[in-house]
Amino acid sequence: MVSCFVLCTVQAMTQVPFIENRGQWPSQQQYRAHFPGAEVILLKNGMDYILHQGMRTKGTTAHREIAPHGNSQIRATGVGMRLDNACPSGVAGEHVLPTTYNYMIGSDPSRWGIASSAFTRVHLQEPWPHISMVAYGNGSVLEYDWSVGEGGDPSVIRWHYEGAGASIDEDGNIRISTGLGEIVEGRPIAYQFIRGRRVNVNVGFYQWDHQFGFVFPDGYDSCEELIVDPMLIFSAYSGSTFDNWGNSATYDNRGNTYSAGITTPDLGGFSYPVTNGSVQTLYQGGDWDIGIMKFDSAGSQLLYATYLGGNGTEVPQSLVVNTTGDLVVLGTTGSDNFPVTSGRKFEGGEDVEPIQGIRYLGGTDLFVARLSADGTRLVAGTYLGGSRNDGINFIEGSMFTSFHTES
């Protein structure tokens, strides 16, 4: 009988897409997945965790600071998990999702990733003889299963961390310390099903200098499948690699959900995951564009994601779905080339920065935009405004907090 050794983490609510690299990222990066506050990158010899801590307007950090406009910062740091003495035969996505992703970054088409597929699982094939790993995610939890087949030796599964200190605490957890908080590998549990009954197996993490692995003080039945179940937690993080601020959400009569927020241009390789054929697949300019997403009723499938904006700053304020399934977006724009169909021109007003990092150079107008149900067409769009600023509903540091126009 084949013996099997499995490492996995706890179940969560929704699947996380792992997006393949089709040239948009460095070649050693095989797949990427977004988690709350973190980006997980699958390599042939392990994983990288890129951790993010939201928007910052003050302070400094020893880690990378991304400040595209000088007054707003996203703090980020990287941690690598590296498999020791591993030589995998390949990395392959499993269970393809219907959504594809386009990454048109920079002016060189050879570095664009067109129609990148997404998968629910990624299979790392035999990093050691007769041993494989499958990585997948649910919600905020990264899960990975090690499978040791007949002739495999689970004691060879060893790894170390790069870019951060790690140690086993008194409760048996691995704690990985970074400048933005901790990653915690919770003490694993293990069990087997023997003659139809679940039998718990004593298991723990073990550390050899800077290497980590698993030990079984009381052994286990090598003739039955063994499951070891730790929990990987990204703690004390906020924000993400895109849509750092959320502004509005709604739903339609089929239960599909919609969200809109503001998103920056590409930041060190991270960008908004627009979908193939959407209304706008390229960032248009300025400090911020709008990022719009539509999900199915289960919240597990991204139906479309698109930019919406012009050469200035845009912020969405309200979303409504009409009876035909089109999404109507109301917001504020500082762009004189916002996509409109009405022929109206941008009126604008005076420069204004209602919140630090949200700048409208040349003033603001309101806009209304109507997107088709599949997110591929701008059905209608128009400016609303006069010669002074319109659509500002908050000015930082003032008593002025109600929605108003100045026209």
# chains A, B, ... in the order shown; residues from 1 in each chain; ligands from 1

$ select_by_dssp --residues "stretch 140-375 of chain A" --states "strand (DSSP E)" --output "PyMOL selection string"
chain A and resi 141-148+159-162+165-168+174-178+181-194+197-201+204-208+211-215+226-234+245-251+257-263+289-295+302-308+314-321+327-333+352-355+358-360+365-371

$ select_by_dssp --residues "stretch 90-233 of chain A" --states "helix (DSSP H, G or I)" --output "PyMOL selection string"
chain A and resi 109-111+154-156

$ closest_residue --among "A:Ala76, A:Thr99, A:Asn45, A:Gly381" --to "A:Glu20" --atoms "only C-alpha atoms"
A:Thr99

$ residues_around --residues "A:Leu378" --least-positions-apart "3" --cutoff "12 Å" --atoms "only C-alpha atoms" --output "MDAnalysis selection string"
chainID A and resid 277:280 306:309 326:329 338:342 368:375 381:382

$ residues_around --residues "A:Thr364" --least-positions-apart "5" --cutoff "8 Å" --atoms "only C-alpha atoms" --output "PDB file with all heavy atoms, in the first residue's frame"
ATOM      1  N   THR A 332     -16.648  61.504  -8.668  1.00  0.00           N
ATOM      2  CA  THR A 332     -15.994  62.790  -8.876  1.00  0.00           C
ATOM      3  C   THR A 332     -14.758  62.573  -9.733  1.00  0.00           C
ATOM      4  O   THR A 332     -14.014  61.610  -9.534  1.00  0.00           O
ATOM      5  CB  THR A 332     -15.581  63.404  -7.529  1.00  0.00           C
ATOM      6  OG1 THR A 332     -16.735  63.525  -6.692  1.00  0.00           O
ATOM      7  CG2 THR A 332     -14.958  64.777  -7.722  1.00  0.00           C
ATOM      8  N   THR A 333     -14.524  63.470 -10.690  1.00  0.00           N
ATOM      9  CA  THR A 333     -13.377  63.343 -11.584  1.00  0.00           C
ATOM     10  C   THR A 333     -12.639  64.662 -11.723  1.00  0.00           C
ATOM     11  O   THR A 333     -13.247  65.739 -11.664  1.00  0.00           O
ATOM     12  CB  THR A 333     -13.798  62.850 -12.986  1.00  0.00           C
ATOM     13  OG1 THR A 333     -12.634  62.758 -13.817  1.00  0.00           O
ATOM     14  CG2 THR A 333     -14.816  63.769 -13.631  1.00  0.00           C
ATOM     15  N   GLY A 334     -11.339  64.570 -11.890  1.00  0.00           N
ATOM     16  CA  GLY A 334     -10.515  65.713 -12.213  1.00  0.00           C
ATOM     17  C   GLY A 334      -9.906  65.587 -13.591  1.00  0.00           C
ATOM     18  O   GLY A 334      -8.917  66.265 -13.891  1.00  0.00           O
ATOM     19  N   SER A 335     -10.470  64.734 -14.433  1.00  0.00           N
ATOM     20  CA  SER A 335      -9.925  64.449 -15.766  1.00  0.00           C
ATOM     21  C   SER A 335     -10.677  65.213 -16.840  1.00  0.00           C
ATOM     22  O   SER A 335     -11.917  65.199 -16.861  1.00  0.00           O
ATOM     23  CB  SER A 335     -10.021  62.948 -16.073  1.00  0.00           C
ATOM     24  OG  SER A 335      -9.307  62.189 -15.127  1.00  0.00           O
ATOM     25  N   GLU A 347     -15.561  70.996 -16.945  1.00  0.00           N
ATOM     26  CA  GLU A 347     -15.573  72.383 -16.511  1.00  0.00           C
ATOM     27  C   GLU A 347     -14.522  72.636 -15.425  1.00  0.00           C
ATOM     28  O   GLU A 347     -13.798  73.616 -15.453  1.00  0.00           O
ATOM     29  CB  GLU A 347     -16.968  72.754 -15.994  1.00  0.00           C
ATOM     30  CG  GLU A 347     -18.062  72.675 -17.032  1.00  0.00           C
ATOM     31  CD  GLU A 347     -18.001  73.823 -18.023  1.00  0.00           C
ATOM     32  OE1 GLU A 347     -17.301  74.817 -17.753  1.00  0.00           O
ATOM     33  OE2 GLU A 347     -18.658  73.718 -19.082  1.00  0.00           O
ATOM     34  N   GLY A 348     -14.461  71.728 -14.435  1.00  0.00           N
ATOM     35  CA  GLY A 348     -13.454  71.823 -13.397  1.00  0.00           C
ATOM     36  C   GLY A 348     -13.614  73.003 -12.480  1.00  0.00           C
ATOM     37  O   GLY A 348     -14.719  73.494 -12.237  1.00  0.00           O
ATOM     38  N   GLY A 349     -12.492  73.515 -11.964  1.00  0.00           N
ATOM     39  CA  GLY A 349     -12.500  74.605 -11.008  1.00  0.00           C
ATOM     40  C   GLY A 349     -11.095  74.850 -10.508  1.00  0.00           C
ATOM     41  O   GLY A 349     -10.134  74.842 -11.277  1.00  0.00           O
ATOM     42  N   GLU A 350     -10.949  75.006  -9.196  1.00  0.00           N
ATOM     43  CA  GLU A 350      -9.653  75.258  -8.581  1.00  0.00           C
ATOM     44  C   GLU A 350      -9.023  73.956  -8.102  1.00  0.00           C
ATOM     45  O   GLU A 350      -9.725  73.002  -7.745  1.00  0.00           O
ATOM     46  CB  GLU A 350      -9.810  76.218  -7.402  1.00  0.00           C
ATOM     47  CG  GLU A 350     -10.341  77.596  -7.786  1.00  0.00           C
ATOM     48  CD  GLU A 350     -10.471  78.516  -6.584  1.00  0.00           C
ATOM     49  OE1 GLU A 350     -10.288  78.028  -5.447  1.00  0.00           O
ATOM     50  OE2 GLU A 350     -10.757  79.709  -6.790  1.00  0.00           O
ATOM     51  N   ARG A 388     -17.001  75.813 -11.229  1.00  0.00           N
ATOM     52  CA  ARG A 388     -16.325  75.633  -9.951  1.00  0.00           C
ATOM     53  C   ARG A 388     -16.379  74.151  -9.570  1.00  0.00           C
ATOM     54  O   ARG A 388     -16.972  73.337 -10.265  1.00  0.00           O
ATOM     55  CB  ARG A 388     -16.963  76.518  -8.881  1.00  0.00           C
ATOM     56  CG  ARG A 388     -16.930  78.002  -9.237  1.00  0.00           C
ATOM     57  CD  ARG A 388     -17.542  78.853  -8.159  1.00  0.00           C
ATOM     58  NE  ARG A 388     -16.751  78.808  -6.930  1.00  0.00           N
ATOM     59  CZ  ARG A 388     -17.133  79.392  -5.780  1.00  0.00           C
ATOM     60  NH1 ARG A 388     -18.304  80.043  -5.732  1.00  0.00           N
ATOM     61  NH2 ARG A 388     -16.379  79.323  -4.704  1.00  0.00           N
ATOM     62  N   ASN A 389     -15.729  73.810  -8.465  1.00  0.00           N
ATOM     63  CA  ASN A 389     -15.606  72.396  -8.077  1.00  0.00           C
ATOM     64  C   ASN A 389     -16.957  71.779  -7.737  1.00  0.00           C
ATOM     65  O   ASN A 389     -17.779  72.398  -7.044  1.00  0.00           O
ATOM     66  CB  ASN A 389     -14.675  72.258  -6.877  1.00  0.00           C
ATOM     67  CG  ASN A 389     -13.237  72.566  -7.210  1.00  0.00           C
ATOM     68  OD1 ASN A 389     -12.859  72.548  -8.380  1.00  0.00           O
ATOM     69  ND2 ASN A 389     -12.427  72.849  -6.204  1.00  0.00           N
ATOM     70  N   ASP A 390     -17.166  70.554  -8.204  1.00  0.00           N
ATOM     71  CA  ASP A 390     -18.393  69.812  -7.931  1.00  0.00           C
ATOM     72  C   ASP A 390     -18.037  68.430  -7.406  1.00  0.00           C
ATOM     73  O   ASP A 390     -17.042  67.821  -7.827  1.00  0.00           O
ATOM     74  CB  ASP A 390     -19.225  69.651  -9.209  1.00  0.00           C
ATOM     75  CG  ASP A 390     -19.576  70.979  -9.833  1.00  0.00           C
ATOM     76  OD1 ASP A 390     -20.519  71.625  -9.348  1.00  0.00           O
ATOM     77  OD2 ASP A 390     -18.885  71.367 -10.794  1.00  0.00           O
ATOM     78  N   GLY A 391     -18.862  67.913  -6.492  1.00  0.00           N
ATOM     79  CA  GLY A 391     -18.721  66.531  -6.048  1.00  0.00           C
ATOM     80  C   GLY A 391     -17.733  66.302  -4.934  1.00  0.00           C
ATOM     81  O   GLY A 391     -17.366  65.153  -4.673  1.00  0.00           O
ATOM     82  N   ILE A 392     -17.287  67.349  -4.252  1.00  0.00           N
ATOM     83  CA  ILE A 392     -16.383  67.168  -3.110  1.00  0.00           C
ATOM     84  C   ILE A 392     -17.233  66.995  -1.864  1.00  0.00           C
ATOM     85  O   ILE A 392     -18.052  67.860  -1.523  1.00  0.00           O
ATOM     86  CB  ILE A 392     -15.443  68.384  -2.932  1.00  0.00           C
ATOM     87  CG1 ILE A 392     -14.650  68.618  -4.212  1.00  0.00           C
ATOM     88  CG2 ILE A 392     -14.503  68.172  -1.758  1.00  0.00           C
ATOM     89  CD1 ILE A 392     -13.744  67.477  -4.590  1.00  0.00           C
TER      90      ILE A 392
END

$ atom_distance --atom1 "atom CA of A:Asp108" --atom2 "atom CA of A:Lys44"
26.2 Å

$ closest_residue --among "A:Ile168, A:Ile290, A:Ala118, A:Ala38" --to "A:Asn311" --atoms "only C-alpha atoms"
A:Ile290

$ closest_residue --among "A:Val315, A:Ile114, A:Val134, A:Val184" --to "A:Gln24" --atoms "only C-alpha atoms"
A:Ile114

$ closest_residue --among "A:Pro273, A:Gly196, A:Pro127, A:Gly362" --to "A:Val156" --atoms "only C-alpha atoms"
A:Pro127

$ atom_distance --atom1 "atom CA of A:Thr257" --atom2 "atom CA of A:Ser318"
13.6 Å

$ atom_distance --atom1 "atom CA of A:Val215" --atom2 "atom CA of A:Ser155"
7.7 Å

$ residues_around --residues "A:Arg121" --least-positions-apart "3" --cutoff "12 Å" --atoms "only C-alpha atoms" --output "NGL selection string"
:A and (15-20 or 31-33 or 42 or 91-97 or 117-118 or 124 or 133-138 or 142-145)

$ closest_residue --among "A:Val79, A:His160, A:Trp25, A:Pro98" --to "A:Gln301" --atoms "only C-alpha atoms"
A:Pro98

$ closest_residue --among "A:Gly363, A:Pro230, A:Gly331, A:Pro88" --to "A:Phe346" --atoms "only C-alpha atoms"
A:Gly363
